[in-house]
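> The structure's right below; bear with me while I get my questions together.
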Amino acid sequence: MVRGKTQMRLIENATSRQVTFSKRRNGLMKKAFELSVLCDAEVALIIFSPRGKLYEFANSSMQATLERYRKHAKTKEALEPPSLEHLNHEAAATLMKKIEQLEVSKRKMLGEDLGSCSIDELQEVEHQLEKSVCKIRARKVEVFEEQIKQLKHKENLLEAENAKLLEKWESEAEGGVKEVERGENLMNYTESSSPSSEVETELFIGPPETRPRTFLSLN
């Protein structure tokens, strides 16, 4: 009968899991023993059960093998640069520590959690707050000066535009006065140069010789 392939996942049944652990543990220790005998290798095996029980095997002294491992690990760490994963872990730890320090400093600046602060720490917080207030006031003065400059610039632009409009209005007004004067002069000239005109205002049907004439004086 062909044995099926075991799936590499946690065994859900507790009894089956304990039986499998016992069988695999014994098989692993047997392989470790065979390796040490056949290849003259220094082997140390440590196993903790799910319940925390210790199982170990060593073909020599377990303590000596562990000490040898520690020395080898230190030498390897000194010769090789730290791995990226190790660096990322250290960077994350450092960043978290800085964030915690900033949170503590922020709470102190807001007047919170001051009960455990000493006199020196309180004076340091006070000094930092005074420096912050001075910087804020200086920046406020700069903002006010910038706004005043902008308003003065707008004022100059408006004055220049107002002067142009006034000049244009005066020019148009002068042209209108001249036009009125020209019209009055033309009217006076027309009245003075033409005699009293008579305009026939009555309709007549018949020969011209017998037609009565009625005139309307324009004077």
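Residue numbers start at 1 in each chain; chains themselves are named A, B, ... in the order of the structure tokens; ligands are numbered from 1 in the order shown.
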Please run DSSP on the backbone and report, as a VMD selection string, all residues within region 7-172 of chain A that come out as alpha helix (DSSP H).
chain A and resid 14 to 39 62 to 79 84 to 109 119 to 172
> Please report, as JSON lines, each residue of region 23-56 of chain A lying at most 9 Å from region 64-77 of chain A, together with the nearest pair of atoms and the separation in Å rounded to one decimal; use only C-alpha atoms, and order rows by chain and ascending residue number.

```
{"residue": "A:Glu42", "atom": "CA", "partner": "A:Thr65", "partner_atom": "CA", "distance": 7.5}
{"residue": "A:Val43", "atom": "CA", "partner": "A:Thr65", "partner_atom": "CA", "distance": 7.8}
{"residue": "A:Ala44", "atom": "CA", "partner": "A:Thr65", "partner_atom": "CA", "distance": 6.7}
```
> Can you tell me which residues surround region 104-117 of chain A at a distance of at most 9 Å, considering only C-alpha atoms, apart from same-chain residues fewer than 5 positions away, and format the answer as a PyMOL selection string?
chain A and resi 99+122+125-126+128-129
> Output the selection as a compact mmCIF listing (two decimals), in the first residue's frame - N, CA, C and O atoms for each residue.

```txt
# COMPACT_ATOMS: atom_id res chain seq x y z
N ILE A 99 10.13 57.93 18.66
CA ILE A 99 8.72 58.32 18.66
C ILE A 99 8.18 58.42 20.09
O ILE A 99 7.46 59.35 20.45
N LEU A 122 11.45 70.57 34.71
CA LEU A 122 10.44 71.62 34.55
C LEU A 122 11.06 72.91 34.04
O LEU A 122 10.48 73.60 33.19
N VAL A 125 11.69 72.48 30.34
CA VAL A 125 10.45 72.62 29.58
C VAL A 125 10.06 74.09 29.46
O VAL A 125 9.66 74.58 28.40
N GLU A 126 10.19 74.83 30.57
CA GLU A 126 9.87 76.26 30.56
C GLU A 126 10.78 77.02 29.59
O GLU A 126 10.31 77.88 28.82
N GLN A 128 12.31 75.82 26.94
CA GLN A 128 11.92 75.46 25.57
C GLN A 128 10.66 76.20 25.14
O GLN A 128 10.55 76.66 23.99
N LEU A 129 9.70 76.32 26.05
CA LEU A 129 8.47 77.03 25.72
C LEU A 129 8.75 78.52 25.46
O LEU A 129 8.17 79.12 24.54
```
> Name the residues in contact with Ile46 (chain A) at a cut-off of 8 Å, using only C-alpha atoms, excluding same-chain residues fewer than 2 positions from it; report them as a list in words.
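These residues fall inside the cut-off: Ala44, Phe48, Leu54, Tyr55, Glu56 and Phe57 of chain A.
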> Would you give me, as JSON, numbers by chain, the residues in region 34-163 of chain A that DSSP reads as strand (DSSP E or B)?
{"A": [44, 45, 46, 47, 48, 54, 55, 56, 57, 58]}
> Just write the chosen residues, C-alpha atoms, as a PDB file, in the first residue's frame.

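File written: part26.pdb
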```
ATOM      1  CA  ALA A  44      23.908  18.893  19.718  1.00  0.00           C
ATOM      2  CA  LEU A  45      20.111  18.697  19.446  1.00  0.00           C
ATOM      3  CA  ILE A  46      17.597  20.611  21.598  1.00  0.00           C
ATOM      4  CA  ILE A  47      13.836  20.080  21.353  1.00  0.00           C
ATOM      5  CA  PHE A  48      11.024  21.679  23.348  1.00  0.00           C
ATOM      6  CA  LEU A  54      12.943  19.641  27.075  1.00  0.00           C
ATOM      7  CA  TYR A  55      14.530  16.871  24.985  1.00  0.00           C
ATOM      8  CA  GLU A  56      18.193  17.025  24.067  1.00  0.00           C
ATOM      9  CA  PHE A  57      20.998  14.963  22.539  1.00  0.00           C
ATOM     10  CA  ALA A  58      24.739  15.599  22.375  1.00  0.00           C
TER      11      ALA A  58
END
```
